[in-house]
Amino acid sequence: MKTIFQKSRSGRQAVMFPRPRIPQEAFTASQLSPELARSKPAELPEMAEVDVVRHFTNLSRLNFGVDVGPYPLGSCTMKYNPKFTEELARLPGFAQLHPLLPQLRRGGLLAQGALQVLYDTEQLLGAITGMDAFTLQPLAGAHGELTGLMLMAAYHRDRGNDKAIILAPDESHGTNPASAAIAGFEVVTVPTVKGIMTPEDFEARLNPQVAGVMMTNPNTLGLFNPHVKRMADAAHRVDALMYYDGANLNAILGRAKPADLGFDIVHLNLHKTFGTPHGGGGPGAGPVGVVEKLVDYLPVSRVVQRADGTFFLDYDRPKSIGYIAPFYGNFGVILKAYAYILALGGSGLKKVAEDAVLAANYLRVKLSAHWQPAVEGPCLHEVVFSAADKAERFGVRANDIAKALIDEGFHPPTVYFPLVVKEALMIEPTETENRENLDAFVAAMERIARTAETDPGALRAAPLTTPVGRLDEVLAARKPDLAEKEEEAELNAGEGLEVVGPEFPVIRPPGSPECL
């Protein structure tokens, strides 16, 4: 597919601008300060509107998203995003609200609706998790982790505790130890037995130096740790805090509250559990909830409701860790999650968890004849298989299977994670995929299993149906080469384009000034 620069032709345009009312001489370079003047033309492509629309439409069709098909990324809960929440986020009263608008004004309430959304969302998340208060500022799950660890550090500092250790199981998300290290803690890994951190291994590493424990429950193998309350009680005896990684909350919505399991801090992924868009680097939202003893340390500002029912932003929080994001977080994402929660209600959220668990176990049973489960027995929201036997017998690895699934029309699952499973295939179907979609995925995985035995080379060559085939992914990540080659630029430049340098064509419209 040609780039938009290669498709450009001199003189074509999609928009006709009206002649400016300001005298032309006002735009001359001599009247602009040097830092505002261009040294060369803007180098924008010249195209008709129909060509622009077709270009970006065709470009979008090369991408895969949850609106195209199932997105079974394990531990990421890539569920379908309902469109009614998008409609609500575009309402002018929300979409056009400036974050610096005064909260109150004589003769009218300006930002009260938005403040109420923030306040109510905190209350709803508190009811779902059992936490006493929330901050909506964190912009993603990992950002929520860092915020939670900063709260943990503030708590211990305020109490005069000299603690520097965070305990985390060996199957934890990679962001857990990374966030702990950024926050200045030392991470001690606790081994798991058949995917579960045991009380004995946990308590053997628990000591007065431990500041906190980071857990995902159910964990990255899709297993619920039944010993969590015992471990939380042991941690609290040495004044350590329990941190709940909410990446897998989708499995226990309406069934269990992190606070009831003994957790003191929780981050949630609104872009996972509560149906807002996910991927592409954002926008995300990772609210953090805390129990009562940690409320004073939450970021400022806090949305507070007055006795008369109005809302205001409270900055008088002397023990707060301060701002951790501009304004109040990703308001549009929060609004979508708020609408999602209200639409489903308590019974609906419970049904989300039940259907997600059912879908994962359906895949577990259907695929077990062809793929080796990482652990035996039922799972919760996700199921993990190992391709280690396929790698040993046929030379087909998890990465080959992932690439072959692309040719089958499915986004690949998570591979090589959790690290405790060799050649891991981590599959989370979510509650939004129907039985027909699950059966189609099963059929694709069965075909790939047969091909591994009969023609393993075909899998190692996949994908064959994409614009770009198999890459050296390590080299591509470390040394990306995104420049257009000189001979391609010369071949595709066409009329009206002047090739400047070896990398890409530059558009110079007829009569364009050199310095504006």
# chains A, B, ... in the order shown; residues from 1 in each chain; ligands from 1
$ select_by_dssp --residues "range 117-167 of chain A" --states "helix (DSSP H, G or I)" --output "ChimeraX atom specification"
/A:117-129,141-158
$ atom_distance --atom1 "CA of Phe5 in chain A" --atom2 "CA of Glu46 in chain A"
8.2 Å
$ closest_residue --among "A:Leu298, A:Ile165, A:Ala374, A:Val288" --to "Leu241 in chain A" --atoms "only C-alpha atoms"
A:Ile165
$ closest_atom_pairs --of "range 87-203 of chain A" --to "range 251-268 of chain A" --cutoff "12 Å" --atoms "only C-alpha atoms" --output "Markdown table"
| residue | atom | partner | partner_atom | distance |
| --- | --- | --- | --- | --- |
| A:Glu122 | CA | A:Leu268 | CA | 11.5 |
| A:Leu125 | CA | A:Leu268 | CA | 8.7 |
| A:Gly126 | CA | A:Lys257 | CA | 9.5 |
| A:Ala127 | CA | A:Lys257 | CA | 8.6 |
| A:Ile128 | CA | A:Lys257 | CA | 6.5 |
| A:Thr129 | CA | A:Lys257 | CA | 4.6 |
| A:Gly130 | CA | A:Ala259 | CA | 5.0 |
| A:Met131 | CA | A:Ala259 | CA | 5.9 |
| A:Asp132 | CA | A:Ala259 | CA | 9.0 |
| A:Ala133 | CA | A:Ile265 | CA | 9.9 |
| A:Phe134 | CA | A:Val266 | CA | 9.1 |
| A:Thr135 | CA | A:His267 | CA | 9.6 |
| A:Leu136 | CA | A:Leu268 | CA | 9.8 |
| A:Gln137 | CA | A:His267 | CA | 11.2 |
| A:Pro138 | CA | A:His267 | CA | 9.0 |
| A:Leu139 | CA | A:Leu268 | CA | 10.7 |
| A:Ala140 | CA | A:Leu268 | CA | 8.8 |
| A:Gly141 | CA | A:Leu268 | CA | 6.7 |
| A:Ala142 | CA | A:His267 | CA | 8.8 |
| A:His143 | CA | A:His267 | CA | 9.1 |
| A:Gly144 | CA | A:His267 | CA | 5.5 |
| A:Glu145 | CA | A:His267 | CA | 6.5 |
| A:Leu146 | CA | A:His267 | CA | 9.7 |
| A:Thr147 | CA | A:His267 | CA | 8.8 |
| A:Gly148 | CA | A:Ile265 | CA | 6.5 |
| A:Leu149 | CA | A:Ile265 | CA | 8.9 |
| A:Met150 | CA | A:Ile265 | CA | 11.0 |
| A:Leu151 | CA | A:Ile265 | CA | 8.7 |
| A:Met152 | CA | A:Ile265 | CA | 8.4 |
| A:Tyr155 | CA | A:Asp264 | CA | 11.4 |
| A:Asn176 | CA | A:His267 | CA | 11.6 |
$ residues_around --residues "range 435-439 of chain A" --least-positions-apart "6" --cutoff "10 Å" --atoms "only C-alpha atoms" --output "MDAnalysis selection string"
chainID A and resid 69:70 359:360 362:363 366 429 445
$ write_last_selection --atoms "N, CA and C atoms" --output "PDB file, in the first residue's frame"
ATOM      1  N   GLY A  69     -13.150  -8.754  15.207  1.00  0.00           N
ATOM      2  CA  GLY A  69     -13.286 -10.148  15.623  1.00  0.00           C
ATOM      3  C   GLY A  69     -12.813 -10.343  17.044  1.00  0.00           C
ATOM      4  N   PRO A  70     -12.861 -11.588  17.525  1.00  0.00           N
ATOM      5  CA  PRO A  70     -12.434 -11.885  18.901  1.00  0.00           C
ATOM      6  C   PRO A  70     -10.988 -11.483  19.144  1.00  0.00           C
ATOM      7  N   ALA A 359     -17.174 -19.193  29.434  1.00  0.00           N
ATOM      8  CA  ALA A 359     -16.521 -19.199  28.120  1.00  0.00           C
ATOM      9  C   ALA A 359     -15.113 -19.770  28.191  1.00  0.00           C
ATOM     10  N   ALA A 360     -14.356 -19.393  29.230  1.00  0.00           N
ATOM     11  CA  ALA A 360     -12.986 -19.897  29.372  1.00  0.00           C
ATOM     12  C   ALA A 360     -12.975 -21.400  29.612  1.00  0.00           C
ATOM     13  N   TYR A 362     -15.289 -23.482  28.692  1.00  0.00           N
ATOM     14  CA  TYR A 362     -15.732 -24.120  27.451  1.00  0.00           C
ATOM     15  C   TYR A 362     -14.538 -24.361  26.532  1.00  0.00           C
ATOM     16  N   LEU A 363     -13.677 -23.334  26.381  1.00  0.00           N
ATOM     17  CA  LEU A 363     -12.469 -23.503  25.563  1.00  0.00           C
ATOM     18  C   LEU A 363     -11.530 -24.531  26.181  1.00  0.00           C
ATOM     19  N   LYS A 366     -12.943 -27.993  25.342  1.00  0.00           N
ATOM     20  CA  LYS A 366     -12.945 -28.264  23.908  1.00  0.00           C
ATOM     21  C   LYS A 366     -11.536 -28.458  23.338  1.00  0.00           C
ATOM     22  N   PRO A 429     -11.370 -15.490  26.518  1.00  0.00           N
ATOM     23  CA  PRO A 429     -12.389 -15.202  25.505  1.00  0.00           C
ATOM     24  C   PRO A 429     -13.325 -14.058  25.877  1.00  0.00           C
ATOM     25  N   MET A 445      -8.006 -23.678  16.119  1.00  0.00           N
ATOM     26  CA  MET A 445      -6.931 -24.262  16.935  1.00  0.00           C
ATOM     27  C   MET A 445      -6.754 -25.756  16.637  1.00  0.00           C
TER      28      MET A 445
END
$ residues_around --residues "Met78 in chain A" --least-positions-apart "3" --cutoff "8 Å" --atoms "only C-alpha atoms" --output "JSON, numbers by chain"
{"A": [66, 71, 72, 73, 272, 278, 430]}
$ closest_residue --among "A:Thr454, A:Asn250, A:Ser320, A:Thr57" --to "Gly74 in chain A" --atoms "only C-alpha atoms"
A:Asn250
$ select_by_dssp --residues "range 251-447 of chain A" --states "strand (DSSP E or B)" --output "number ranges by chain"
A: 265-268, 288-290, 302-305, 311-314, 327, 329, 372-373, 383-386, 414-415, 424-427
$ atom_distance --atom1 "CA of Lys194 in chain A" --atom2 "CA of Val384 in chain A"
12.3 Å
$ residues_around --residues "Val188 in chain A" --least-positions-apart "6" --cutoff "9 Å" --atoms "only C-alpha atoms" --output "list of chain:residue names"
A:Ile165, A:Ile166, A:Leu167, A:Ala168, A:Pro169, A:Pro177, A:Arg205
$ write_last_selection --atoms "N, CA and C atoms" --output "PDB file, in the first residue's frame"
ATOM      1  N   ILE A 165      10.561  -3.925  51.291  1.00  0.00           N
ATOM      2  CA  ILE A 165      10.374  -5.151  50.510  1.00  0.00           C
ATOM      3  C   ILE A 165       8.922  -5.303  50.067  1.00  0.00           C
ATOM      4  N   ILE A 166       8.743  -5.702  48.813  1.00  0.00           N
ATOM      5  CA  ILE A 166       7.445  -6.077  48.271  1.00  0.00           C
ATOM      6  C   ILE A 166       7.506  -7.554  47.886  1.00  0.00           C
ATOM      7  N   LEU A 167       6.529  -8.326  48.351  1.00  0.00           N
ATOM      8  CA  LEU A 167       6.426  -9.722  47.951  1.00  0.00           C
ATOM      9  C   LEU A 167       5.480  -9.850  46.760  1.00  0.00           C
ATOM     10  N   ALA A 168       5.857 -10.686  45.783  1.00  0.00           N
ATOM     11  CA  ALA A 168       5.009 -10.930  44.616  1.00  0.00           C
ATOM     12  C   ALA A 168       5.225 -12.359  44.149  1.00  0.00           C
ATOM     13  N   PRO A 169       4.161 -13.063  43.759  1.00  0.00           N
ATOM     14  CA  PRO A 169       4.324 -14.440  43.270  1.00  0.00           C
ATOM     15  C   PRO A 169       5.038 -14.484  41.931  1.00  0.00           C
ATOM     16  N   PRO A 177       6.449  -6.107  39.634  1.00  0.00           N
ATOM     17  CA  PRO A 177       7.797  -5.814  40.122  1.00  0.00           C
ATOM     18  C   PRO A 177       8.387  -4.539  39.530  1.00  0.00           C
ATOM     19  N   ARG A 205       8.723 -16.045  53.738  1.00  0.00           N
ATOM     20  CA  ARG A 205       9.378 -14.824  53.243  1.00  0.00           C
ATOM     21  C   ARG A 205       8.811 -13.557  53.886  1.00  0.00           C
TER      22      ARG A 205
END
$ closest_residue --among "A:Phe417, A:Pro208, A:Phe274, A:Met231" --to "Leu344 in chain A" --atoms "only C-alpha atoms"
A:Phe274
$ closest_residue --among "A:Thr121, A:Ser301, A:Asn399, A:Asn330" --to "Arg460 in chain A" --atoms "only C-alpha atoms"
A:Asn399
$ atom_distance --atom1 "CA of Ile334 in chain A" --atom2 "CA of Lys319 in chain A"
25.5 Å
$ residues_around --residues "Pro456 in chain A" --least-positions-apart "2" --cutoff "12 Å" --atoms "only C-alpha atoms" --output "list in words"
Lys390, Ala391, Glu392, Arg393, Phe394, Gly395, Val396, Arg397, Asp400, Ile401, Ala404, Arg447, Ile448, Ala449, Arg450, Thr451, Ala452, Glu453, Thr454, Ala458, Leu459, Arg460, Ala461 and Ala462 of chain A
$ closest_residue --among "A:Glu376, A:Gln209, A:Phe202, A:Gly275" --to "Ala164 in chain A" --atoms "only C-alpha atoms"
A:Gln209
$ closest_residue --among "A:Phe441, A:Phe94, A:Tyr340, A:Phe64" --to "Thr466 in chain A" --atoms "only C-alpha atoms"
A:Phe64
$ decode --residues "range 313-326 of chain A" --atoms "C-alpha atoms" --output "PDB file, in the first residue's frame"
ATOM      1  CA  LEU A 313     -12.705  19.843  44.518  1.00  0.00           C
ATOM      2  CA  ASP A 314     -10.928  19.601  47.860  1.00  0.00           C
ATOM      3  CA  TYR A 315      -7.199  20.428  47.849  1.00  0.00           C
ATOM      4  CA  ASP A 316      -6.783  20.601  51.627  1.00  0.00           C
ATOM      5  CA  ARG A 317      -5.093  17.215  52.025  1.00  0.00           C
ATOM      6  CA  PRO A 318      -1.779  17.710  53.869  1.00  0.00           C
ATOM      7  CA  LYS A 319      -0.835  14.000  53.754  1.00  0.00           C
ATOM      8  CA  SER A 320      -1.689  13.548  50.075  1.00  0.00           C
ATOM      9  CA  ILE A 321       0.902  12.196  47.651  1.00  0.00           C
ATOM     10  CA  GLY A 322      -0.095  15.124  45.395  1.00  0.00           C
ATOM     11  CA  TYR A 323      -1.076  15.072  41.732  1.00  0.00           C
ATOM     12  CA  ILE A 324      -0.228  11.960  39.764  1.00  0.00           C
ATOM     13  CA  ALA A 325      -2.009  13.063  36.541  1.00  0.00           C
ATOM     14  CA  PRO A 326      -3.320  16.303  35.030  1.00  0.00           C
TER      15      PRO A 326
END
